[in-house]
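Heads up: the structure comes next, in structure tokens.
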Amino acid sequence: AIIFGGGPVLTANPEPFAAFFDVILLGDGENLIADFINAYQEVRNADRPIKLRHLAQVPGVYVPSLYTVNYDSPEGEITAILPIDNNVPTFVSKQTYRSNTLSASTVVTKQAAWENIYMVEVVRSCPEMCRFCLASYLTLPFRTASLESLIPAIEKGLKVTDRLGLLGASVSQHPEFETLLDYLFQPKFEGVRLSIASVRTNTVTEKLARILSQRDTKSITIAVESGSDRLREIINKKLANDEIIQAAINAKAGGLKGIKLYGMVGIPGEETEDIAATVEMLIALKKAASGLRISFGCSTFVPKSHTPFQWFGVNKMAEKRLKYLEKQLGKQGIEFRPESYNWSVIQALLSRGDRRLTSLLELTRGYGDSLGSYKRAFKELKGQIPPLDYYVHQQWRLEQVLPWSHLHGPLSSNVLVKHLEQSQTKR
């Protein structure tokens with residue numbers, strides 16, 4: 001049997017999981033899965049080594065066992081990642097699907113994570129390119145579904161359910177988003193419950209809010225990251241506090257009951273005054289849209305591969321800053337939903353991990369997959385693998401061989417370095 005996997009986590013950095021898979025598919029599945037299956041059919045009766053070598057010739061198909069990783073010491077940096085011989089490609093490139101027909105649900109069920117919702121992908125990737133964002137950088141270029149493909153998909157889905165979800169990192173930036181909204185506002189869709197993934201702040205118009213509220217949506221979600229103009233410049237978030245406040249005013253005027261904002265602490269370049277600026281912005285927003293229920297969800301910055309911030313570590317001050325926000329926003333009666341700092345540390349470990357984590361993950365699984373399991377596993381493997389700090393908190397050098405250096409994303413390392421340098425001039 002061949003064990004294979006794919007999807008955004010494995011495409012971003014498959015290395016911590018390399019020992020658990022024979023084959024990893026890097027990128028969009030639309031063409032890649034068919035290419036992989038066709039290649040497998042050609043060698044299905046061959047010996048296993050022949051199968052794996054044959055599959056490794058397919059663009060986007062990564063066979064980890066055909067690459068060796070060298071380290072300068074058990075706890076040190078990677079010195080090289082090399083194919084085992086000249087017949088194996090030196091690099092594997094993520095595959096990009098370029099059609100304007102995107103995906104939609106094939107199964108609608110009560111047992112799904114989003115119960116009985118028919119999902120339609122409206123856009124893929126995001127044109128904003130916030131410097132930390134895997135959802136934008138890993139999936140470039142920004143693609144939009146044509147209305148000619150979207151509308152029949154929606155009609156089909158609404159025959160089996162009255163709940164519709166519009167998917168995408170930046171749904172409201174679809175060039176024909178207004179037309180799509182007008183279509184969904186027809187009387188025949190009166191009983192439909194419409195939900196939209198996070199929308200760009202300056203596209204939250206009163207009209208959008210009104211259509212959503214009349215389609216049984218209670219609140220809207222926007223990603224603001226911070227209330228600090230300086231910090232948003234560093235991360236390339238093209239947004240002003242006035243626009244955030246106006247979005248809340250529009251949401252209320254259109255009949256929505258609440259607004260959810262996503263923020264982040266520990267962004268590279270962040271200072272304590274930037275956290276205070278976030279509190280001030282939220283207080284101003286609450287005053288401007290009195291009566292609107294405001295919730296602020298906040299995560300800790302985690303470095304992601306193939307983004308300009310992949311070289312940074314997790315800020316050790318982030319936990320304190322989450323507690324500060326909790327205290328300050330609690331005083332104002334603003335609902336605060338922090339993500340666990342400790343689980344963000346584990347996310348960073350997997351995000352920047354290499355193959356030396358194989359034994360750690362096996363031990364962790366045996367110990368019960370809790371936060372304590374990771375600590376116990378690191379203790380047991382001390383001296384055999386780098387410490388947690390190396391993977392999670394350390395700032396890596398630009399010239400360092402990264403665990404995914406042999407796996408090419410949409411943009412080259414040189415372009416990512418340029419974007420990183422641009423962000424540092426804003427500090």
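The way I read the labels, and the way they are meant: chains A, B, ... in the order of the structure tokens, residue 1 as the first residue of every chain, and ligand 1 as the first ligand shown, with later ones counted on from there.
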
### Query
Where does DSSP see strand (DSSP E or B) in region 325-380 of chain A, if you list the residues as a VMD selection string?
chain A and resid 335 to 338

Store the residues of this selection in a file with N, CA and C atoms, as a PDB file, in the first residue's frame.
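Okay, this is what ended up in selection-v8.pdb:
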```pdb
ATOM      1  N   GLU A 335     -16.276  41.595  24.628  1.00  0.00           N
ATOM      2  CA  GLU A 335     -15.995  40.159  24.709  1.00  0.00           C
ATOM      3  C   GLU A 335     -14.640  39.855  24.075  1.00  0.00           C
ATOM      4  N   PHE A 336     -13.803  39.150  24.823  1.00  0.00           N
ATOM      5  CA  PHE A 336     -12.456  38.814  24.351  1.00  0.00           C
ATOM      6  C   PHE A 336     -12.329  37.304  24.239  1.00  0.00           C
ATOM      7  N   ARG A 337     -11.896  36.832  23.065  1.00  0.00           N
ATOM      8  CA  ARG A 337     -11.740  35.387  22.838  1.00  0.00           C
ATOM      9  C   ARG A 337     -10.303  35.089  22.438  1.00  0.00           C
ATOM     10  N   PRO A 338      -9.421  34.867  23.409  1.00  0.00           N
ATOM     11  CA  PRO A 338      -8.018  34.589  23.064  1.00  0.00           C
ATOM     12  C   PRO A 338      -7.826  33.133  22.668  1.00  0.00           C
TER      13      PRO A 338
END
```

### Query
Using only C-alpha atoms, which residue out of A:Leu325, A:Ala112, A:Leu407, A:Cys126 lies closest to Pro89 (chain A)?
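Of A:Leu325, A:Ala112, A:Leu407, A:Cys126, the one nearest Pro89 (chain A) is A:Leu407, counting only C-alpha atoms.
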
#### Entry: Those of region 226-368 of chain A in DSSP helix (DSSP H, G or I), formatted as a PyMOL selection string
chain A and resi 229-235+241-253+272-288+318-331+341-351+357-367

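The coordinates place CA of Gln310 (chain A) at 12.1 Å from CA of Val401 (chain A).
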
### Query
Contacts of Val171 (chain A) at 7 Å or less, counting only C-alpha atoms, minus same-chain residues fewer than 6 places along, as JSON, numbers by chain?
{"A": [122, 123, 197, 199]}

File dump, residues just selected, C-alpha atoms, as a compact mmCIF listing (two decimals), in the first residue's frame:
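Final file, result-v7.txt:
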```
# COMPACT_ATOMS: atom_id res chain seq x y z
CA VAL A 122 -16.02 32.09 -4.19
CA VAL A 123 -12.33 33.03 -4.22
CA ALA A 197 -16.24 33.78 5.73
CA VAL A 199 -14.69 39.85 4.64
```

### Task
For CA of Ala19 (chain A) and CA of Phe91 (chain A), determine how far apart the two atoms are, in Å to one decimal place.
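Straight-line distance from CA of Ala19 (chain A) to CA of Phe91 (chain A) works out to 18.4 Å.
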
### Query
Do you know which residues are at most 10 Å from Phe296 (chain A) counting only C-alpha atoms, after dropping those on the same chain fewer than 5 positions away, and could you put them as a PyMOL selection string?
chain A and resi 221-224+259-264+282+325-326+329+334-338

Selected residues written out with N, CA, C and O atoms, as a PDB file, in the first residue's frame:
```pdb
ATOM      1  N   THR A 221     -17.698  38.963  10.311  1.00  0.00           N
ATOM      2  CA  THR A 221     -16.337  38.794  10.829  1.00  0.00           C
ATOM      3  C   THR A 221     -15.335  39.539   9.952  1.00  0.00           C
ATOM      4  O   THR A 221     -15.355  39.383   8.732  1.00  0.00           O
ATOM      5  N   ILE A 222     -14.472  40.339  10.588  1.00  0.00           N
ATOM      6  CA  ILE A 222     -13.414  41.025   9.848  1.00  0.00           C
ATOM      7  C   ILE A 222     -12.071  40.818  10.552  1.00  0.00           C
ATOM      8  O   ILE A 222     -12.015  40.724  11.779  1.00  0.00           O
ATOM      9  N   ALA A 223     -11.010  40.719   9.777  1.00  0.00           N
ATOM     10  CA  ALA A 223      -9.662  40.563  10.343  1.00  0.00           C
ATOM     11  C   ALA A 223      -8.986  41.928  10.341  1.00  0.00           C
ATOM     12  O   ALA A 223      -8.784  42.514   9.284  1.00  0.00           O
ATOM     13  N   VAL A 224      -8.678  42.438  11.529  1.00  0.00           N
ATOM     14  CA  VAL A 224      -8.052  43.771  11.627  1.00  0.00           C
ATOM     15  C   VAL A 224      -6.601  43.676  12.088  1.00  0.00           C
ATOM     16  O   VAL A 224      -5.824  44.597  11.907  1.00  0.00           O
ATOM     17  N   ILE A 259     -20.486  42.186  15.642  1.00  0.00           N
ATOM     18  CA  ILE A 259     -19.318  42.185  14.749  1.00  0.00           C
ATOM     19  C   ILE A 259     -18.186  41.473  15.477  1.00  0.00           C
ATOM     20  O   ILE A 259     -17.953  41.692  16.668  1.00  0.00           O
ATOM     21  N   LYS A 260     -17.522  40.550  14.754  1.00  0.00           N
ATOM     22  CA  LYS A 260     -16.389  39.827  15.325  1.00  0.00           C
ATOM     23  C   LYS A 260     -15.132  40.331  14.642  1.00  0.00           C
ATOM     24  O   LYS A 260     -15.080  40.371  13.416  1.00  0.00           O
ATOM     25  N   LEU A 261     -14.146  40.690  15.441  1.00  0.00           N
ATOM     26  CA  LEU A 261     -12.871  41.150  14.883  1.00  0.00           C
ATOM     27  C   LEU A 261     -11.793  40.137  15.236  1.00  0.00           C
ATOM     28  O   LEU A 261     -11.767  39.604  16.351  1.00  0.00           O
ATOM     29  N   TYR A 262     -10.924  39.865  14.269  1.00  0.00           N
ATOM     30  CA  TYR A 262      -9.769  38.997  14.520  1.00  0.00           C
ATOM     31  C   TYR A 262      -8.537  39.870  14.692  1.00  0.00           C
ATOM     32  O   TYR A 262      -8.274  40.747  13.870  1.00  0.00           O
ATOM     33  N   GLY A 263      -7.778  39.593  15.754  1.00  0.00           N
ATOM     34  CA  GLY A 263      -6.530  40.317  15.970  1.00  0.00           C
ATOM     35  C   GLY A 263      -5.404  39.352  16.270  1.00  0.00           C
ATOM     36  O   GLY A 263      -5.584  38.137  16.315  1.00  0.00           O
ATOM     37  N   MET A 264      -4.224  39.931  16.507  1.00  0.00           N
ATOM     38  CA  MET A 264      -3.045  39.107  16.730  1.00  0.00           C
ATOM     39  C   MET A 264      -2.092  39.852  17.659  1.00  0.00           C
ATOM     40  O   MET A 264      -1.980  41.085  17.582  1.00  0.00           O
ATOM     41  N   LEU A 282     -10.815  49.637  19.894  1.00  0.00           N
ATOM     42  CA  LEU A 282     -12.023  48.875  20.224  1.00  0.00           C
ATOM     43  C   LEU A 282     -12.990  49.701  21.081  1.00  0.00           C
ATOM     44  O   LEU A 282     -14.208  49.615  20.918  1.00  0.00           O
ATOM     45  N   LEU A 325      -4.712  42.401  27.292  1.00  0.00           N
ATOM     46  CA  LEU A 325      -5.924  42.671  26.506  1.00  0.00           C
ATOM     47  C   LEU A 325      -7.165  42.156  27.237  1.00  0.00           C
ATOM     48  O   LEU A 325      -8.197  42.829  27.291  1.00  0.00           O
ATOM     49  N   GLU A 326      -7.051  40.966  27.817  1.00  0.00           N
ATOM     50  CA  GLU A 326      -8.194  40.386  28.537  1.00  0.00           C
ATOM     51  C   GLU A 326      -8.650  41.303  29.667  1.00  0.00           C
ATOM     52  O   GLU A 326      -9.842  41.563  29.844  1.00  0.00           O
ATOM     53  N   LEU A 329      -9.974  44.881  28.100  1.00  0.00           N
ATOM     54  CA  LEU A 329     -11.240  44.779  27.369  1.00  0.00           C
ATOM     55  C   LEU A 329     -12.376  44.333  28.291  1.00  0.00           C
ATOM     56  O   LEU A 329     -13.528  44.723  28.103  1.00  0.00           O
ATOM     57  N   ILE A 334     -16.132  44.452  26.564  1.00  0.00           N
ATOM     58  CA  ILE A 334     -15.945  43.936  25.196  1.00  0.00           C
ATOM     59  C   ILE A 334     -15.543  42.467  25.303  1.00  0.00           C
ATOM     60  O   ILE A 334     -14.580  42.127  26.007  1.00  0.00           O
ATOM     61  N   GLU A 335     -16.276  41.595  24.628  1.00  0.00           N
ATOM     62  CA  GLU A 335     -15.995  40.159  24.709  1.00  0.00           C
ATOM     63  C   GLU A 335     -14.640  39.855  24.075  1.00  0.00           C
ATOM     64  O   GLU A 335     -14.355  40.267  22.949  1.00  0.00           O
ATOM     65  N   PHE A 336     -13.803  39.150  24.823  1.00  0.00           N
ATOM     66  CA  PHE A 336     -12.456  38.814  24.351  1.00  0.00           C
ATOM     67  C   PHE A 336     -12.329  37.304  24.239  1.00  0.00           C
ATOM     68  O   PHE A 336     -12.636  36.580  25.180  1.00  0.00           O
ATOM     69  N   ARG A 337     -11.896  36.832  23.065  1.00  0.00           N
ATOM     70  CA  ARG A 337     -11.740  35.387  22.838  1.00  0.00           C
ATOM     71  C   ARG A 337     -10.303  35.089  22.438  1.00  0.00           C
ATOM     72  O   ARG A 337      -9.983  35.057  21.249  1.00  0.00           O
ATOM     73  N   PRO A 338      -9.421  34.867  23.409  1.00  0.00           N
ATOM     74  CA  PRO A 338      -8.018  34.589  23.064  1.00  0.00           C
ATOM     75  C   PRO A 338      -7.826  33.133  22.668  1.00  0.00           C
ATOM     76  O   PRO A 338      -8.477  32.238  23.199  1.00  0.00           O
TER      77      PRO A 338
END
```

### Task
Enter the distance from CA of Phe17 (chain A) to CA of Ala135 (chain A), in Å, rounded to one decimal.
20.4 Å

### Exercise: region 409-414 of chain A partners within 10 Å, only C-alpha atoms, chain neighbours under 2 positions left out, as a PyMOL selection string
chain A and resi 11-12+26-27+92-96+137-141+305-308+398-399+404-407+416-420

Set the distance at 12 Å and use only C-alpha atoms: which residues neighbour Pro152 (chain A) once local chain neighbours fewer than 4 positions away are removed? I'd like the list as an mmCIF file with all heavy atoms, in the first residue's frame.
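Writing done, so here's part-v5.cif:
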```cif
data_model
loop_
_atom_site.group_PDB
_atom_site.id
_atom_site.type_symbol
_atom_site.label_atom_id
_atom_site.label_comp_id
_atom_site.auth_asym_id
_atom_site.auth_seq_id
_atom_site.Cartn_x
_atom_site.Cartn_y
_atom_site.Cartn_z
ATOM 1 N N THR A 101 -13.459 27.845 -12.217
ATOM 2 C CA THR A 101 -14.494 27.036 -11.568
ATOM 3 C C THR A 101 -13.854 26.464 -10.314
ATOM 4 O O THR A 101 -12.948 25.639 -10.393
ATOM 5 C CB THR A 101 -14.963 25.880 -12.484
ATOM 6 O OG1 THR A 101 -15.482 26.431 -13.691
ATOM 7 C CG2 THR A 101 -16.041 25.050 -11.804
ATOM 8 N N ALA A 104 -17.024 23.174 -4.511
ATOM 9 C CA ALA A 104 -18.270 23.288 -3.754
ATOM 10 C C ALA A 104 -18.468 21.969 -3.018
ATOM 11 O O ALA A 104 -17.834 20.956 -3.341
ATOM 12 C CB ALA A 104 -19.445 23.560 -4.695
ATOM 13 N N VAL A 120 -19.700 26.968 -0.931
ATOM 14 C CA VAL A 120 -19.274 27.300 -2.288
ATOM 15 C C VAL A 120 -18.024 28.173 -2.180
ATOM 16 O O VAL A 120 -18.020 29.187 -1.472
ATOM 17 C CB VAL A 120 -20.376 28.084 -3.042
ATOM 18 C CG1 VAL A 120 -19.921 28.395 -4.447
ATOM 19 C CG2 VAL A 120 -21.666 27.288 -3.084
ATOM 20 N N ALA A 145 -14.024 32.581 -8.718
ATOM 21 C CA ALA A 145 -14.948 31.717 -9.459
ATOM 22 C C ALA A 145 -15.830 32.593 -10.344
ATOM 23 O O ALA A 145 -16.287 33.657 -9.917
ATOM 24 C CB ALA A 145 -15.814 30.921 -8.486
ATOM 25 N N SER A 146 -16.066 32.175 -11.575
ATOM 26 C CA SER A 146 -16.955 32.949 -12.459
ATOM 27 C C SER A 146 -18.397 32.790 -11.968
ATOM 28 O O SER A 146 -18.774 31.748 -11.411
ATOM 29 C CB SER A 146 -16.851 32.422 -13.894
ATOM 30 O OG SER A 146 -17.383 31.108 -13.956
ATOM 31 N N LEU A 147 -19.207 33.830 -12.183
ATOM 32 C CA LEU A 147 -20.619 33.734 -11.804
ATOM 33 C C LEU A 147 -21.301 32.616 -12.587
ATOM 34 O O LEU A 147 -22.228 31.972 -12.098
ATOM 35 C CB LEU A 147 -21.345 35.066 -12.045
ATOM 36 C CG LEU A 147 -21.034 36.204 -11.055
ATOM 37 C CD1 LEU A 147 -21.997 37.357 -11.268
ATOM 38 C CD2 LEU A 147 -21.097 35.748 -9.611
ATOM 39 N N GLU A 148 -20.825 32.362 -13.816
ATOM 40 C CA GLU A 148 -21.398 31.287 -14.652
ATOM 41 C C GLU A 148 -21.235 29.912 -13.984
ATOM 42 O O GLU A 148 -22.027 29.008 -14.219
ATOM 43 C CB GLU A 148 -20.727 31.245 -16.039
ATOM 44 C CG GLU A 148 -21.052 32.417 -16.939
ATOM 45 C CD GLU A 148 -20.346 33.717 -16.534
ATOM 46 O OE1 GLU A 148 -19.246 33.634 -15.931
ATOM 47 O OE2 GLU A 148 -20.908 34.794 -16.789
ATOM 48 N N LYS A 156 -27.876 24.315 -7.220
ATOM 49 C CA LYS A 156 -27.821 22.879 -6.952
ATOM 50 C C LYS A 156 -27.824 22.612 -5.437
ATOM 51 O O LYS A 156 -28.558 21.758 -4.930
ATOM 52 C CB LYS A 156 -26.540 22.308 -7.587
ATOM 53 C CG LYS A 156 -26.355 20.814 -7.416
ATOM 54 C CD LYS A 156 -25.019 20.409 -8.033
ATOM 55 C CE LYS A 156 -24.648 18.983 -7.690
ATOM 56 N NZ LYS A 156 -23.279 18.648 -8.120
ATOM 57 N N GLY A 157 -26.995 23.369 -4.712
ATOM 58 C CA GLY A 157 -26.886 23.169 -3.262
ATOM 59 C C GLY A 157 -28.158 23.486 -2.516
ATOM 60 O O GLY A 157 -28.519 22.794 -1.546
ATOM 61 N N LEU A 158 -28.865 24.521 -2.972
ATOM 62 C CA LEU A 158 -30.073 24.940 -2.257
ATOM 63 C C LEU A 158 -31.263 24.023 -2.518
ATOM 64 O O LEU A 158 -32.325 24.195 -1.940
ATOM 65 C CB LEU A 158 -30.401 26.404 -2.586
ATOM 66 C CG LEU A 158 -29.353 27.399 -2.044
ATOM 67 C CD1 LEU A 158 -29.688 28.819 -2.440
ATOM 68 C CD2 LEU A 158 -29.196 27.287 -0.528
ATOM 69 N N LYS A 159 -31.058 23.006 -3.360
ATOM 70 C CA LYS A 159 -32.103 21.979 -3.516
ATOM 71 C C LYS A 159 -32.078 20.997 -2.338
ATOM 72 O O LYS A 159 -33.049 20.301 -2.077
ATOM 73 C CB LYS A 159 -31.891 21.201 -4.825
ATOM 74 C CG LYS A 159 -32.310 21.993 -6.052
ATOM 75 C CD LYS A 159 -31.995 21.226 -7.327
ATOM 76 C CE LYS A 159 -32.333 22.094 -8.552
ATOM 77 N NZ LYS A 159 -31.764 21.534 -9.778
ATOM 78 N N TYR A 183 -28.161 38.737 -6.593
ATOM 79 C CA TYR A 183 -28.749 37.449 -6.986
ATOM 80 C C TYR A 183 -29.324 36.715 -5.757
ATOM 81 O O TYR A 183 -30.441 36.195 -5.784
ATOM 82 C CB TYR A 183 -27.675 36.599 -7.686
ATOM 83 C CG TYR A 183 -28.007 35.142 -7.791
ATOM 84 C CD1 TYR A 183 -28.942 34.672 -8.720
ATOM 85 C CD2 TYR A 183 -27.400 34.213 -6.938
ATOM 86 C CE1 TYR A 183 -29.247 33.321 -8.802
ATOM 87 C CE2 TYR A 183 -27.701 32.866 -7.024
ATOM 88 C CZ TYR A 183 -28.631 32.428 -7.948
ATOM 89 O OH TYR A 183 -28.939 31.096 -8.026
#
```

### Task
Rank nothing, just name the residue among A:Tyr40, A:Phe4, A:Phe20, A:Phe312 nearest to His393 (chain A), using only C-alpha atoms.
A:Phe312

### Message
What's around Val9 (chain A) at 10 Å? Count only C-alpha atoms, leave out sequence neighbours fewer than 5 positions away in its own chain, and write the answer as a list in words.
### Response
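The residues satisfying every condition are Pro14, Leu26, Leu134, Leu350 and Ser351 of chain A.
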